[in-house]
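Below: protein23.csv (CSV, C-alpha atoms)
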chain,number,residue,atom,x,y,z
A,1,MET,CA,123.7,56.0,5.8
A,2,VAL,CA,122.2,59.5,5.9
A,3,GLY,CA,121.1,61.2,2.7
A,4,PRO,CA,123.4,63.4,0.6
A,5,GLU,CA,121.6,66.5,1.8
A,6,ILE,CA,122.4,65.8,5.5
A,7,GLU,CA,125.9,64.6,4.6
A,8,ARG,CA,126.6,67.9,2.9
A,9,LEU,CA,125.1,69.8,5.9
A,10,ILE,CA,127.4,67.9,8.2
A,11,GLN,CA,130.4,68.4,6.0
A,12,LEU,CA,129.9,72.2,5.8
A,13,LEU,CA,129.1,72.6,9.5
A,14,SER,CA,132.3,70.7,10.4
A,15,ARG,CA,134.3,73.6,8.8
A,16,LEU,CA,133.0,76.1,11.4
A,17,PRO,CA,135.5,76.8,14.2
A,18,GLY,CA,134.6,74.9,17.3
A,19,LEU,CA,132.7,72.2,15.5
A,20,GLY,CA,134.5,68.9,14.7
A,21,PRO,CA,133.0,66.0,12.7
A,22,ARG,CA,131.1,64.7,15.8
A,23,SER,CA,129.6,68.0,16.9
A,24,ALA,CA,128.8,68.9,13.3
A,25,ARG,CA,126.7,65.7,13.1
A,26,ARG,CA,125.0,66.6,16.3
A,27,ALA,CA,124.4,70.1,15.1
A,28,ALA,CA,123.0,68.8,11.8
A,29,LEU,CA,120.6,66.5,13.7
A,30,ARG,CA,119.5,69.4,15.9
A,31,LEU,CA,118.9,71.5,12.8
A,32,VAL,CA,116.8,68.8,11.1
A,33,GLU,CA,114.9,68.2,14.4
A,34,LYS,CA,114.1,71.9,14.8
A,35,ARG,CA,113.2,72.4,11.2
A,36,GLU,CA,110.8,75.4,11.7
A,37,ALA,CA,112.6,77.0,14.7
A,38,LEU,CA,116.2,76.6,13.6
A,39,LEU,CA,117.0,75.1,10.2
A,40,ILE,CA,114.8,77.4,8.1
A,41,PRO,CA,115.6,80.6,10.0
A,42,LEU,CA,119.3,79.9,10.0
A,43,GLY,CA,119.3,79.1,6.3
A,44,GLN,CA,117.5,82.4,5.7
A,45,ALA,CA,119.8,84.3,8.0
A,46,MET,CA,122.8,83.0,6.1
A,47,ALA,CA,121.3,83.9,2.7
A,48,GLU,CA,120.5,87.4,4.0
A,49,ALA,CA,124.0,87.8,5.4
A,50,ALA,CA,125.5,86.6,2.2
A,51,ALA,CA,123.4,89.1,0.2
A,52,LYS,CA,123.9,92.1,2.5
A,53,VAL,CA,127.1,91.9,4.5
A,54,ARG,CA,130.2,93.5,2.8
A,55,THR,CA,133.7,94.6,3.8
A,56,CYS,CA,134.0,98.2,4.7
A,57,SER,CA,136.3,99.8,2.1
A,58,THR,CA,137.8,102.2,4.7
A,59,CYS,CA,138.6,100.0,7.7
A,60,GLY,CA,137.9,96.4,6.6
A,61,ASN,CA,135.1,95.7,9.1
A,62,PHE,CA,132.0,93.7,8.1
A,63,ASP,CA,128.7,95.5,7.8
A,64,THR,CA,125.7,96.0,5.6
A,65,ILE,CA,126.8,99.5,4.8
A,66,ASP,CA,130.0,100.9,3.3
A,67,PRO,CA,131.6,102.8,5.1
A,68,CYS,CA,130.6,100.7,8.1
A,69,ALA,CA,128.7,102.0,11.1
A,70,VAL,CA,131.9,102.5,13.0
A,71,CYS,CA,133.6,104.6,10.2
A,72,ALA,CA,130.3,106.5,9.6
A,73,ASP,CA,129.6,107.3,13.2
A,74,PRO,CA,130.3,111.1,13.6
A,75,ARG,CA,130.6,110.7,17.4
A,76,ARG,CA,133.8,108.7,17.0
A,77,ASP,CA,137.1,110.4,17.8
A,78,PRO,CA,138.7,111.2,14.5
A,79,ALA,CA,142.1,111.5,16.1
A,80,LEU,CA,142.5,107.8,17.1
A,81,LEU,CA,143.1,104.9,14.8
A,82,CYS,CA,143.4,101.3,16.2
A,83,VAL,CA,145.2,98.7,14.2
A,84,VAL,CA,143.8,95.1,14.6
A,85,GLU,CA,144.7,91.8,12.9
A,86,ASP,CA,141.2,90.9,11.9
A,87,VAL,CA,137.5,91.7,12.3
A,88,ALA,CA,137.4,89.4,15.4
A,89,GLY,CA,139.9,91.7,17.0
A,90,LEU,CA,137.9,94.8,16.0
A,91,TRP,CA,134.7,93.2,17.6
A,92,ALA,CA,136.7,92.3,20.7
A,93,MET,CA,137.8,96.0,21.1
A,94,GLU,CA,134.2,97.2,20.4
A,95,ARG,CA,132.8,94.9,23.1
A,96,THR,CA,134.9,96.6,25.7
A,97,GLY,CA,133.2,99.9,24.9
A,98,SER,CA,136.4,101.6,26.0
A,99,PHE,CA,137.7,102.7,22.6
A,100,ARG,CA,135.9,105.5,20.7
A,101,GLY,CA,138.2,105.9,17.7
A,102,ARG,CA,138.1,104.1,14.4
A,103,TYR,CA,139.9,101.0,13.1
A,104,ALA,CA,142.2,99.6,10.5
A,105,VAL,CA,141.9,95.9,9.9
A,106,LEU,CA,145.1,94.4,8.5
A,107,GLY,CA,143.5,91.2,7.4
A,108,GLY,CA,146.3,89.0,8.8
A,109,LEU,CA,149.8,89.3,10.2
A,110,LEU,CA,153.3,89.3,8.7
A,111,SER,CA,154.6,85.7,8.4
A,112,ALA,CA,157.7,84.7,6.6
A,113,LEU,CA,156.6,81.1,7.1
A,114,ASP,CA,153.3,81.6,5.4
A,115,GLY,CA,154.7,84.0,2.8
A,116,ILE,CA,152.6,86.9,4.0
A,117,GLY,CA,154.4,90.2,3.4
A,118,PRO,CA,153.5,93.8,3.9
A,119,GLU,CA,151.9,94.0,0.5
A,120,ASP,CA,149.4,91.3,1.5
A,121,LEU,CA,148.1,93.3,4.5
A,122,GLY,CA,146.3,96.6,4.3
A,123,ILE,CA,149.5,98.4,5.4
A,124,GLU,CA,149.8,100.9,2.5
A,125,SER,CA,146.2,102.1,3.1
A,126,LEU,CA,146.8,102.3,6.8
A,127,VAL,CA,149.9,104.5,6.3
A,128,ALA,CA,147.9,106.7,3.9
A,129,ARG,CA,145.1,107.0,6.5
A,130,ALA,CA,147.7,107.8,9.3
A,131,HIS,CA,148.9,110.7,7.2
A,132,ALA,CA,145.5,112.5,7.5
A,133,PRO,CA,145.9,115.6,9.6
A,134,ALA,CA,143.1,114.6,12.0
A,135,ILE,CA,144.9,111.5,13.2
A,136,THR,CA,147.1,112.1,16.2
A,137,GLU,CA,147.6,108.5,17.6
A,138,VAL,CA,147.7,105.0,16.1
A,139,ILE,CA,147.2,102.2,18.6
A,140,LEU,CA,148.7,98.9,17.6
A,141,ALA,CA,146.3,96.2,19.0
A,142,THR,CA,147.7,93.2,17.1
A,143,PRO,CA,147.9,90.0,19.2
A,144,ALA,CA,150.7,89.6,21.8
A,145,THR,CA,152.2,86.7,19.7
A,146,VAL,CA,155.5,86.7,17.9
A,147,GLU,CA,153.8,87.4,14.6
A,148,GLY,CA,151.5,90.0,16.1
A,149,GLN,CA,154.4,91.8,17.7
A,150,THR,CA,156.6,91.5,14.5
A,151,THR,CA,153.7,93.1,12.6
A,152,ALA,CA,153.3,95.8,15.2
A,153,HIS,CA,157.0,96.7,15.0
A,154,TYR,CA,156.9,96.8,11.2
A,155,VAL,CA,153.8,99.1,11.2
A,156,ALA,CA,155.4,101.3,13.9
A,157,GLU,CA,158.5,101.7,11.6
A,158,ARG,CA,156.4,102.5,8.6
A,159,LEU,CA,154.5,105.1,10.6
A,160,ALA,CA,157.7,106.9,11.8
A,161,GLY,CA,157.7,110.3,10.3
A,162,CYS,CA,154.0,110.5,10.0
A,163,GLY,CA,153.8,112.8,12.9
A,164,VAL,CA,151.5,110.5,14.9
A,165,THR,CA,152.0,108.9,18.3
A,166,VAL,CA,152.3,105.2,17.9
A,167,SER,CA,151.3,103.2,20.9
A,168,GLY,CA,150.6,99.5,21.7
A,169,LEU,CA,148.4,97.7,24.2
A,170,ALA,CA,150.0,97.1,27.6
A,171,HIS,CA,151.2,93.7,28.5
A,172,GLY,CA,150.5,92.4,32.0
A,173,VAL,CA,148.4,90.1,34.2
A,174,PRO,CA,144.9,89.6,32.7
A,175,VAL,CA,142.1,90.8,35.0
A,176,GLY,CA,141.1,87.8,37.1
A,177,GLY,CA,144.4,86.0,36.3
A,178,GLU,CA,146.2,84.0,38.9
A,179,LEU,CA,150.0,84.3,38.8
A,180,ASP,CA,150.4,80.5,39.1
A,181,HIS,CA,148.5,80.0,35.8
A,182,LEU,CA,150.5,82.7,33.8
A,183,ASP,CA,153.6,82.1,31.7
A,184,ASP,CA,156.9,83.6,32.8
A,185,GLY,CA,156.9,86.2,29.9
A,186,THR,CA,153.6,87.7,31.1
A,187,ILE,CA,154.8,88.0,34.7
A,188,THR,CA,158.1,89.5,33.6
A,189,ALA,CA,156.3,92.0,31.4
A,190,ALA,CA,153.9,92.9,34.2
A,191,LEU,CA,156.7,93.3,36.7
A,192,ARG,CA,158.6,95.6,34.3
A,193,ALA,CA,155.5,97.7,33.7
A,194,ARG,CA,154.6,97.8,37.4
A,195,ARG,CA,152.7,100.9,38.6
A,196,VAL,CA,153.0,102.8,41.8
A,197,PHE,CA,149.8,102.6,43.8
B,1,MET,CA,128.1,97.0,17.2
B,2,VAL,CA,127.6,94.5,14.5
B,3,GLY,CA,124.6,94.8,12.1
B,4,PRO,CA,121.3,93.1,12.8
B,5,GLU,CA,122.0,90.4,10.1
B,6,ILE,CA,125.2,89.3,11.8
B,7,GLU,CA,123.6,89.5,15.3
B,8,ARG,CA,120.8,87.2,14.1
B,9,LEU,CA,123.3,84.8,12.6
B,10,ILE,CA,125.2,84.7,15.9
B,11,GLN,CA,122.0,84.3,17.9
B,12,LEU,CA,120.8,81.3,15.8
B,13,LEU,CA,124.3,79.7,15.6
B,14,SER,CA,124.5,79.8,19.4
B,15,ARG,CA,121.5,77.5,19.6
B,16,LEU,CA,123.4,74.7,17.9
B,17,PRO,CA,124.8,72.1,20.3
B,18,GLY,CA,128.5,72.6,20.9
B,19,LEU,CA,128.4,76.3,20.2
B,20,GLY,CA,128.2,78.8,23.0
B,21,PRO,CA,127.8,82.6,22.5
B,22,ARG,CA,131.6,83.0,22.0
B,23,SER,CA,132.1,80.2,19.5
B,24,ALA,CA,128.9,81.2,17.7
B,25,ARG,CA,130.5,84.7,17.2
B,26,ARG,CA,133.6,83.1,15.9
B,27,ALA,CA,131.6,80.8,13.6
B,28,ALA,CA,129.6,83.8,12.3
B,29,LEU,CA,132.9,85.7,11.5
B,30,ARG,CA,134.3,82.7,9.7
B,31,LEU,CA,131.1,82.4,7.7
B,32,VAL,CA,131.2,86.1,6.7
B,33,GLU,CA,134.9,85.8,5.9
B,34,LYS,CA,134.4,82.7,3.7
B,35,ARG,CA,131.3,84.1,2.0
B,36,GLU,CA,131.7,82.1,-1.3
B,37,ALA,CA,133.2,78.9,0.2
B,38,LEU,CA,131.1,78.6,3.3
B,39,LEU,CA,128.3,81.1,4.0
B,40,ILE,CA,126.5,80.7,0.6
B,41,PRO,CA,126.9,76.9,0.3
B,42,LEU,CA,125.8,76.3,3.9
B,43,GLY,CA,122.8,78.6,3.6
B,44,GLN,CA,121.8,76.6,0.4
B,45,ALA,CA,122.5,73.3,2.1
B,46,MET,CA,120.1,74.3,4.9
B,47,ALA,CA,117.4,75.5,2.6
B,48,GLU,CA,117.7,72.2,0.7
B,49,ALA,CA,117.6,70.1,3.8
B,50,ALA,CA,114.6,72.1,5.0
B,51,ALA,CA,112.8,71.5,1.7
B,52,LYS,CA,113.7,67.8,1.3
B,53,VAL,CA,114.4,66.0,4.6
B,54,ARG,CA,111.4,64.5,6.3
B,55,THR,CA,110.7,62.0,9.1
B,56,CYS,CA,110.2,58.4,8.1
B,57,SER,CA,106.6,57.5,8.9
B,58,THR,CA,107.6,53.9,9.7
B,59,CYS,CA,110.7,54.2,11.9
B,60,GLY,CA,111.1,58.0,12.7
B,61,ASN,CA,114.5,58.3,10.9
B,62,PHE,CA,115.3,61.5,8.9
B,63,ASP,CA,115.6,61.0,5.2
B,64,THR,CA,114.6,62.6,1.9
B,65,ILE,CA,112.4,59.6,1.1
B,66,ASP,CA,109.6,58.0,3.1
B,67,PRO,CA,109.9,55.2,4.0
B,68,CYS,CA,113.6,56.0,4.7
B,69,ALA,CA,116.5,54.2,3.0
B,70,VAL,CA,116.9,51.9,6.0
B,71,CYS,CA,113.2,50.8,6.0
B,72,ALA,CA,113.2,50.5,2.2
B,73,ASP,CA,116.4,48.5,2.0
B,74,PRO,CA,115.3,44.9,1.0
B,75,ARG,CA,118.6,43.5,2.2
B,76,ARG,CA,117.8,44.4,5.8
B,77,ASP,CA,116.9,41.5,8.1
B,78,PRO,CA,113.1,41.8,8.6
B,79,ALA,CA,113.3,39.8,11.8
B,80,LEU,CA,115.2,42.4,13.8
B,81,LEU,CA,113.9,45.6,15.3
B,82,CYS,CA,116.1,47.9,17.2
B,83,VAL,CA,114.5,50.5,19.6
B,84,VAL,CA,116.5,53.7,20.0
B,85,GLU,CA,115.8,57.0,21.8
B,86,ASP,CA,116.3,59.3,18.9
B,87,VAL,CA,117.8,59.6,15.4
B,88,ALA,CA,121.2,60.3,16.9
B,89,GLY,CA,121.0,56.8,18.4
B,90,LEU,CA,120.0,55.3,15.1
B,91,TRP,CA,122.9,57.0,13.3
B,92,ALA,CA,125.3,55.8,16.0
B,93,MET,CA,124.0,52.2,15.5
B,94,GLU,CA,124.4,52.5,11.8
B,95,ARG,CA,127.9,53.8,12.0
B,96,THR,CA,129.0,50.5,13.6
B,97,GLY,CA,127.8,48.6,10.5
B,98,SER,CA,127.1,45.7,12.8
B,99,PHE,CA,123.3,45.9,12.8
B,100,ARG,CA,121.4,44.8,9.7
B,101,GLY,CA,117.8,45.0,11.0
B,102,ARG,CA,115.4,47.9,11.1
B,103,TYR,CA,114.7,50.6,13.7
B,104,ALA,CA,112.0,52.2,15.8
B,105,VAL,CA,112.8,55.7,17.0
B,106,LEU,CA,111.0,56.5,20.2
B,107,GLY,CA,111.5,60.3,20.0
B,108,GLY,CA,112.4,60.6,23.7
B,109,LEU,CA,112.4,58.6,26.9
B,110,LEU,CA,109.8,58.2,29.7
B,111,SER,CA,110.3,60.9,32.3
B,112,ALA,CA,107.9,61.6,35.1
B,113,LEU,CA,109.8,64.8,35.8
B,114,ASP,CA,109.3,66.2,32.3
B,115,GLY,CA,105.8,64.7,32.1
B,116,ILE,CA,106.7,62.4,29.2
B,117,GLY,CA,104.5,59.4,29.3
B,118,PRO,CA,104.2,56.3,27.0
B,119,GLU,CA,101.6,58.1,24.8
B,120,ASP,CA,104.2,60.8,24.0
B,121,LEU,CA,106.6,58.2,22.6
B,122,GLY,CA,106.1,56.0,19.5
B,123,ILE,CA,105.4,53.0,21.8
B,124,GLU,CA,102.0,52.0,20.4
B,125,SER,CA,103.3,51.9,16.9
B,126,LEU,CA,106.4,50.0,18.1
B,127,VAL,CA,104.1,47.4,19.8
B,128,ALA,CA,102.0,47.2,16.6
B,129,ARG,CA,105.2,46.7,14.5
B,130,ALA,CA,106.5,44.0,16.9
B,131,HIS,CA,103.3,42.0,16.4
B,132,ALA,CA,104.2,41.5,12.7
B,133,PRO,CA,104.9,37.8,12.1
B,134,ALA,CA,108.3,38.5,10.5
B,135,ILE,CA,109.7,40.1,13.7
B,136,THR,CA,111.5,37.6,16.0
B,137,GLU,CA,113.6,39.9,18.1
B,138,VAL,CA,113.4,43.4,19.5
B,139,ILE,CA,116.7,44.9,20.7
B,140,LEU,CA,116.3,47.7,23.2
B,141,ALA,CA,119.2,50.2,22.6
B,142,THR,CA,118.0,53.1,24.7
B,143,PRO,CA,120.8,54.8,26.7
B,144,ALA,CA,122.3,53.2,29.8
B,145,THR,CA,120.8,56.0,32.0
B,146,VAL,CA,118.0,55.8,34.6
B,147,GLU,CA,115.5,57.1,32.1
B,148,GLY,CA,116.8,55.0,29.3
B,149,GLN,CA,116.6,51.8,31.3
B,150,THR,CA,113.2,52.8,32.7
B,151,THR,CA,111.9,53.2,29.2
B,152,ALA,CA,113.6,49.9,28.1
B,153,HIS,CA,111.8,48.1,31.0
B,154,TYR,CA,108.5,49.6,30.1
B,155,VAL,CA,108.9,48.7,26.5
B,156,ALA,CA,109.9,45.1,27.4
B,157,GLU,CA,106.8,44.8,29.6
B,158,ARG,CA,104.6,46.0,26.8
B,159,LEU,CA,106.2,43.5,24.4
B,160,ALA,CA,105.6,40.6,26.7
B,161,GLY,CA,103.1,38.3,24.9
B,162,CYS,CA,104.1,39.5,21.5
B,163,GLY,CA,106.0,36.2,20.9
B,164,VAL,CA,109.3,38.1,20.3
B,165,THR,CA,112.6,37.8,22.0
B,166,VAL,CA,113.3,41.1,23.8
B,167,SER,CA,117.0,41.9,24.4
B,168,GLY,CA,119.1,44.8,25.5
B,169,LEU,CA,122.6,46.0,24.7
B,170,ALA,CA,125.3,44.6,27.1
B,171,HIS,CA,126.7,46.7,29.8
B,172,GLY,CA,130.5,46.6,30.3
B,173,VAL,CA,133.9,48.2,29.9
B,174,PRO,CA,133.9,50.4,26.7
B,175,VAL,CA,136.5,49.3,24.2
B,176,GLY,CA,139.7,51.2,25.0
B,177,GLY,CA,138.4,52.1,28.4
B,178,GLU,CA,140.7,52.2,31.4
B,179,LEU,CA,139.3,50.8,34.6
B,180,ASP,CA,140.5,53.7,36.6
B,181,HIS,CA,138.4,56.1,34.5
B,182,LEU,CA,135.2,54.1,34.8
B,183,ASP,CA,132.5,54.4,37.4
B,184,ASP,CA,131.8,51.7,39.9
B,185,GLY,CA,128.4,50.8,38.3
B,186,THR,CA,130.1,50.0,34.9
B,187,ILE,CA,132.8,47.9,36.5
B,188,THR,CA,130.3,46.0,38.6
B,189,ALA,CA,128.1,45.3,35.5
B,190,ALA,CA,131.2,44.2,33.6
B,191,LEU,CA,132.2,41.9,36.4
B,192,ARG,CA,128.8,40.3,36.7
B,193,ALA,CA,128.6,39.8,32.9
B,194,ARG,CA,132.2,38.4,32.7
B,195,ARG,CA,132.9,35.9,30.0
B,196,VAL,CA,135.1,32.8,30.0
B,197,PHE,CA,138.0,33.1,27.6
Written form, structure tokens:
Amino acid sequence: MVGPEIERLIQLLSRLPGLGPRSARRAALRLVEKREALLIPLGQAMAEAAAKVRTCSTCGNFDTIDPCAVCADPRRDPALLCVVEDVAGLWAMERTGSFRGRYAVLGGLLSALDGIGPEDLGIESLVARAHAPAITEVILATPATVEGQTTAHYVAERLAGCGVTVSGLAHGVPVGGELDHLDDGTITAALRARRVF
Amino acid sequence: MVGPEIERLIQLLSRLPGLGPRSARRAALRLVEKREALLIPLGQAMAEAAAKVRTCSTCGNFDTIDPCAVCADPRRDPALLCVVEDVAGLWAMERTGSFRGRYAVLGGLLSALDGIGPEDLGIESLVARAHAPAITEVILATPATVEGQTTAHYVAERLAGCGVTVSGLAHGVPVGGELDHLDDGTITAALRARRVF
């Protein structure tokens, strides 16, 4: 029905998160409709990103320079290292603007089911970095899921004896969260970690 | 926080239908993560589509050939012309496989609010095509919205005297539709157009 060029565009677009087959078709149509304003610039932006963006060899972030802008920034606190599952987690931390240390991207989480062991994640290089004398605290910011917390515990064990404080993000009620919409585990965690006003 | 190349990718992706700022960021991350499998092929597919896909000068469809594959297909019924709002409508009709005529894409709908008049849509060329002796029926498949039906009525008036039958898609209960989820207008239309078993 549609030419092979458009079919291929739809097929590739449908592999993006958030786009199913239907919305990929709509996206392809919008692209072809907005040839000058969207299709050509987006194609060029992708070619440019493919040519320039690389993985930071220190922390695992994506950037056009290596070490990345975060690792290279001299205003960053050299004492703090934040461990995240992936670059999405790193970006989420950066958006808050509340962390001024550097990162270690694991590139996944431990998972017996998926056969992902410590050697598949950047844990050795993380342990090596944590041994640097400048580092005083490693903050484990893996997700609050079973796999995220298993990974955090494993990393914490591996860091024992490094002489660094190992901490984790607090569990509790999300800002703006209604109790009625929260699961029991979150409310229990928030109650246990309650603070005196 | 992220380099200008990735920022630009996110900004352009967020202009696709179905992707907001958050999902555009996730999509950009996925693209950079899957550089070989997704980012490079998608960039190439876009460049190829930009270079090859054009608007059919007869019906307004998108294709790499002009006239498009639908207009050029000799097995199509030359007596039937289906009027659709846009290429998305044409593709939706084609997916059904139940229409074997050709199309006229209006490229929009009449809208006093948006200042879209008959001269902005392909109505003159549609009327000219409808005068061809081969055409016996024009099917108005504009959406069942106020603007879609206003446009259909206008086109029907313009086609009066062409010597063609002018028809419109039936209104009724969508296949698989539950009465409780349907609006009153649809149920009323379905009741009025009820058929004897």
- Message: Taking 4 positions as the minimum chain separation for residues in the same chain, which residues sit within 9 Å of Asp86 (chain A) when counting only C-alpha atoms? Answer as a ChimeraX atom specification.
- Response: /A:60-61,90-91,104-109,142
Pick out the residues sitting within 8 Å of Ala141 (chain B), and hand them over as a compact mmCIF listing (two decimals) with C-alpha atoms, in the coordinates of the input; count all atoms listed in the file, and ignore anything fewer than 3 positions along from it in its own chain.
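And here is the file that came out, out35.txt:
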# COMPACT_ATOMS: atom_id res chain seq x y z
CA CYS B 82 116.10 47.90 17.20
CA VAL B 83 114.50 50.50 19.60
CA VAL B 84 116.50 53.70 20.00
CA GLU B 85 115.80 57.00 21.80
CA ALA B 152 113.60 49.90 28.10
CA GLY B 168 119.10 44.80 25.50
CA LEU B 169 122.60 46.00 24.70
Each residue of chain B lying at most 8 Å from chain A should get a row with its shortest atom-to-atom pair and the distance in Å to one decimal, counting all atoms listed in the file; could you produce that, ordered by chain and increasing number, as JSON lines?
{"residue": "B:Met1", "atom": "CA", "partner": "A:Glu94", "partner_atom": "CA", "distance": 6.9}
{"residue": "B:Val2", "atom": "CA", "partner": "A:Asp63", "partner_atom": "CA", "distance": 6.9}
{"residue": "B:Gly3", "atom": "CA", "partner": "A:Asp63", "partner_atom": "CA", "distance": 6.0}
{"residue": "B:Glu5", "atom": "CA", "partner": "A:Ala49", "partner_atom": "CA", "distance": 5.7}
{"residue": "B:Ile6", "atom": "CA", "partner": "A:Ala49", "partner_atom": "CA", "distance": 6.7}
{"residue": "B:Arg8", "atom": "CA", "partner": "A:Ala45", "partner_atom": "CA", "distance": 6.8}
{"residue": "B:Leu9", "atom": "CA", "partner": "A:Ala45", "partner_atom": "CA", "distance": 5.8}
{"residue": "B:Leu12", "atom": "CA", "partner": "A:Leu42", "partner_atom": "CA", "distance": 6.2}
{"residue": "B:Leu13", "atom": "CA", "partner": "A:Leu42", "partner_atom": "CA", "distance": 7.5}
{"residue": "B:Leu16", "atom": "CA", "partner": "A:Ala27", "partner_atom": "CA", "distance": 5.5}
{"residue": "B:Pro17", "atom": "CA", "partner": "A:Ala27", "partner_atom": "CA", "distance": 5.6}
{"residue": "B:Gly18", "atom": "CA", "partner": "A:Ser23", "partner_atom": "CA", "distance": 6.2}
{"residue": "B:Leu19", "atom": "CA", "partner": "A:Gly18", "partner_atom": "CA", "distance": 7.0}
{"residue": "B:Ser23", "atom": "CA", "partner": "A:Gly18", "partner_atom": "CA", "distance": 6.3}
{"residue": "B:Arg26", "atom": "CA", "partner": "A:Pro17", "partner_atom": "CA", "distance": 6.8}
{"residue": "B:Ala27", "atom": "CA", "partner": "A:Leu16", "partner_atom": "CA", "distance": 5.4}
{"residue": "B:Leu29", "atom": "CA", "partner": "A:Ala88", "partner_atom": "CA", "distance": 7.0}
{"residue": "B:Arg30", "atom": "CA", "partner": "A:Leu16", "partner_atom": "CA", "distance": 6.9}
{"residue": "B:Leu31", "atom": "CA", "partner": "A:Leu16", "partner_atom": "CA", "distance": 7.5}
{"residue": "B:Val32", "atom": "CA", "partner": "A:Ala50", "partner_atom": "CA", "distance": 7.3}
{"residue": "B:Arg35", "atom": "CA", "partner": "A:Ala50", "partner_atom": "CA", "distance": 6.3}
{"residue": "B:Leu38", "atom": "CA", "partner": "A:Leu12", "partner_atom": "CA", "distance": 7.0}
{"residue": "B:Leu39", "atom": "CA", "partner": "A:Met46", "partner_atom": "CA", "distance": 6.2}
{"residue": "B:Ile40", "atom": "CA", "partner": "A:Ala50", "partner_atom": "CA", "distance": 6.2}
{"residue": "B:Pro41", "atom": "CA", "partner": "A:Leu12", "partner_atom": "CA", "distance": 7.8}
{"residue": "B:Leu42", "atom": "CA", "partner": "A:Leu12", "partner_atom": "CA", "distance": 6.1}
{"residue": "B:Gly43", "atom": "CA", "partner": "A:Gly43", "partner_atom": "CA", "distance": 4.4}
{"residue": "B:Gln44", "atom": "CA", "partner": "A:Gly43", "partner_atom": "CA", "distance": 6.9}
{"residue": "B:Ala45", "atom": "CA", "partner": "A:Leu9", "partner_atom": "CA", "distance": 5.8}
{"residue": "B:Met46", "atom": "CA", "partner": "A:Gly43", "partner_atom": "CA", "distance": 5.1}
{"residue": "B:Ala47", "atom": "CA", "partner": "A:Gly43", "partner_atom": "CA", "distance": 5.5}
{"residue": "B:Glu48", "atom": "CA", "partner": "A:Glu5", "partner_atom": "CA", "distance": 7.0}
{"residue": "B:Ala49", "atom": "CA", "partner": "A:Glu5", "partner_atom": "CA", "distance": 5.7}
{"residue": "B:Ala50", "atom": "CA", "partner": "A:Ile40", "partner_atom": "CA", "distance": 6.1}
{"residue": "B:Val53", "atom": "CA", "partner": "A:Val32", "partner_atom": "CA", "distance": 7.5}
{"residue": "B:Phe62", "atom": "CA", "partner": "A:Val32", "partner_atom": "CA", "distance": 7.8}
{"residue": "B:Asp63", "atom": "CA", "partner": "A:Gly3", "partner_atom": "CA", "distance": 6.0}
{"residue": "B:Thr64", "atom": "CA", "partner": "A:Gly3", "partner_atom": "CA", "distance": 6.7}
{"residue": "B:Ala69", "atom": "CA", "partner": "A:Met1", "partner_atom": "CA", "distance": 7.9}
{"residue": "B:Val70", "atom": "CA", "partner": "A:Met1", "partner_atom": "CA", "distance": 7.9}
{"residue": "B:Val87", "atom": "CA", "partner": "A:Leu29", "partner_atom": "CA", "distance": 7.6}
{"residue": "B:Ala88", "atom": "CA", "partner": "A:Leu29", "partner_atom": "CA", "distance": 7.0}
{"residue": "B:Trp91", "atom": "CA", "partner": "A:Met1", "partner_atom": "CA", "distance": 7.6}
{"residue": "B:Glu94", "atom": "CA", "partner": "A:Met1", "partner_atom": "CA", "distance": 7.0}
{"residue": "B:Arg95", "atom": "CA", "partner": "A:Met1", "partner_atom": "CA", "distance": 7.8}
- Quick one: distance from CA of Ala160 (chain B) to CA of Thr136 (chain B) in Å, one decimal? 12.6 Å
- Would you kindly return, as a VMD selection string, each protein, DNA or RNA residue with an atom no farther than 9 Å from any atom of Asp66 (chain B), considering all atoms listed in the file and excluding same-chain residues fewer than 5 positions away? chain B and resid 54 to 58 71 to 72
- Item | For Leu113 (chain B), the nearest of the candidates B:Asp184, B:Val173, B:Ser14, B:Glu147, counting only C-alpha atoms |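 Among the listed residues, B:Glu147 lies closest to Leu113 (chain B).
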- Query: For the atom pair CA of Leu159 (chain B) and CA of Ile135 (chain B), what is the interatomic distance in Å to one decimal place?
  - Reply: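 CA of Leu159 (chain B) sits 11.8 Å away from CA of Ile135 (chain B).
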- What separation in Å, quoted to one decimal, exists between CA of Asp77 (chain A) and CA of Arg100 (chain A)?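 The value is 5.8 Å.
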- Compare A:Leu140, A:Val166, A:Val196, A:Leu182 by their minimum atom-to-atom distance to Met93 (chain A), counting all atoms listed in the file, and give me the closest one. A:Leu140
- Message: Using all atoms listed in the file, which protein or nucleic acid residues come within 10 Å of region 130-134 of chain A? Drop anything in the same chain fewer than 5 positions from it, and give the result as a list in words.
- Response: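 Counting all atoms listed in the file, the residues come to Asp77, Pro78, Ala79, Leu80, Leu81, Ala104, Glu124, Ser125, Leu159, Gly161, Cys162, Gly163 and Val164 of chain A.
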